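Below is one structure; the comments refer to it alone.
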Amino acid sequence: MDDSPGLVIRKVMRPFPLAFVGLLAVSACGSNASEPVGAPSTATGPASTTEAPASTTTSRPPEPVDSPPPDDGNRWMLADFATPASVDAWYVQNDTVMGGVSSSSVEFDAGTMVFSGVLSTDNNGGFTSTRGPVLADAPAEGWTSMSIEAEGDGRTYLVQVRTDTDSYVQRFTPAETMSVTELRLADFEATDWRLSPLTGRAPLTSEAIRQVSIYLVDKQEGEFVLRVRSLTLGTPDALGAA
């Protein structure tokens, strides 16, 4: 870890309540006959080989916070990591909740939130995650895209959006230089905690968003680093989409 004066470490590992875990926990481990009832099983979704763990955490999550207001008429700011305080509400949860050994942290560095650590599939583990605060106020209606300004490491990450009733996911592979990846809300897929697709769910809409999380899954073992500058909602034209 860089110990330079400009680096302010925000490493938070807060547990999540049992009521939310079925929608939030994700892992990449495989199931077998010796696993207890409730252990993850192989995902059946066409884009995923990932499952989610069943967490036994019962402690309270961070208190809801107000949604950041839009900074102009063309986008709604979900998260802007311009200051060390902006990282405080984000925390990590790893596969250690189910016996795994993966590790991760979040920290502030030069106007970004740095999500980094080591992913391991040992002990039936295989996921790390960082989770934003539960929003007290929902975003406005009508936004159709989520824009992630980030610098990646060649890995594919997963964005999970929680609503009051469901969990939606979409994968993205950020460039290895700071750039913007646009994810259309219509392309998010409702899944259960094993990442198996759910049928009969309404498409994700901006006003339904209550929490955003970022995961590393899919058995991408080893050290990883993802730098995120901002997450915004907008429209394809406003975000400069083709």
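Note on naming: chains are A, B, ... as they come in the structure tokens, residues start from 1 per chain, ligands start from 1 in the order shown.
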
If you run DSSP on the backbone, which residues of range 105-180 of chain A are strand (DSSP E), as a PyMOL selection string? chain A and resi 105-109+112-119+128-131+145-151+157-162+167-172+179-180

At a cut-off of 6 Å, using only C-alpha atoms, what residues contact range 95-105 of chain A? Leave out same-chain residues fewer than 3 positions from it and give the result as an MDAnalysis selection string. chainID A and resid 11 55 115:120 123 125 127

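Taking only C-alpha atoms into account, Thr130 in chain A lies nearest to A:Leu216 out of the set A:Leu216, A:Leu198, A:Met178, A:Leu233.
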
Compile the contact shell of range 142-151 of chain A as a ChimeraX atom specification: residues with an atom at most 8 Å away, counting only C-alpha atoms, same-chain residues fewer than 2 positions apart removed. /A:75,140,153,174-186,205-207,226-236,239

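For the pair CA of Thr165 in chain A and CA of Ala138 in chain A, the separation is 14.0 Å.
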
Do a neighbour search on Leu204 in chain A at 9 Å with only C-alpha atoms, toss out local chain neighbours closer than 4 positions, and write the hits as a count of residues only. 11

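The smallest atom-to-atom distance between Thr191 in chain A and any of A:Gln160, A:Gln220, A:Pro139, A:Thr112, using only C-alpha atoms, is found for A:Gln160.
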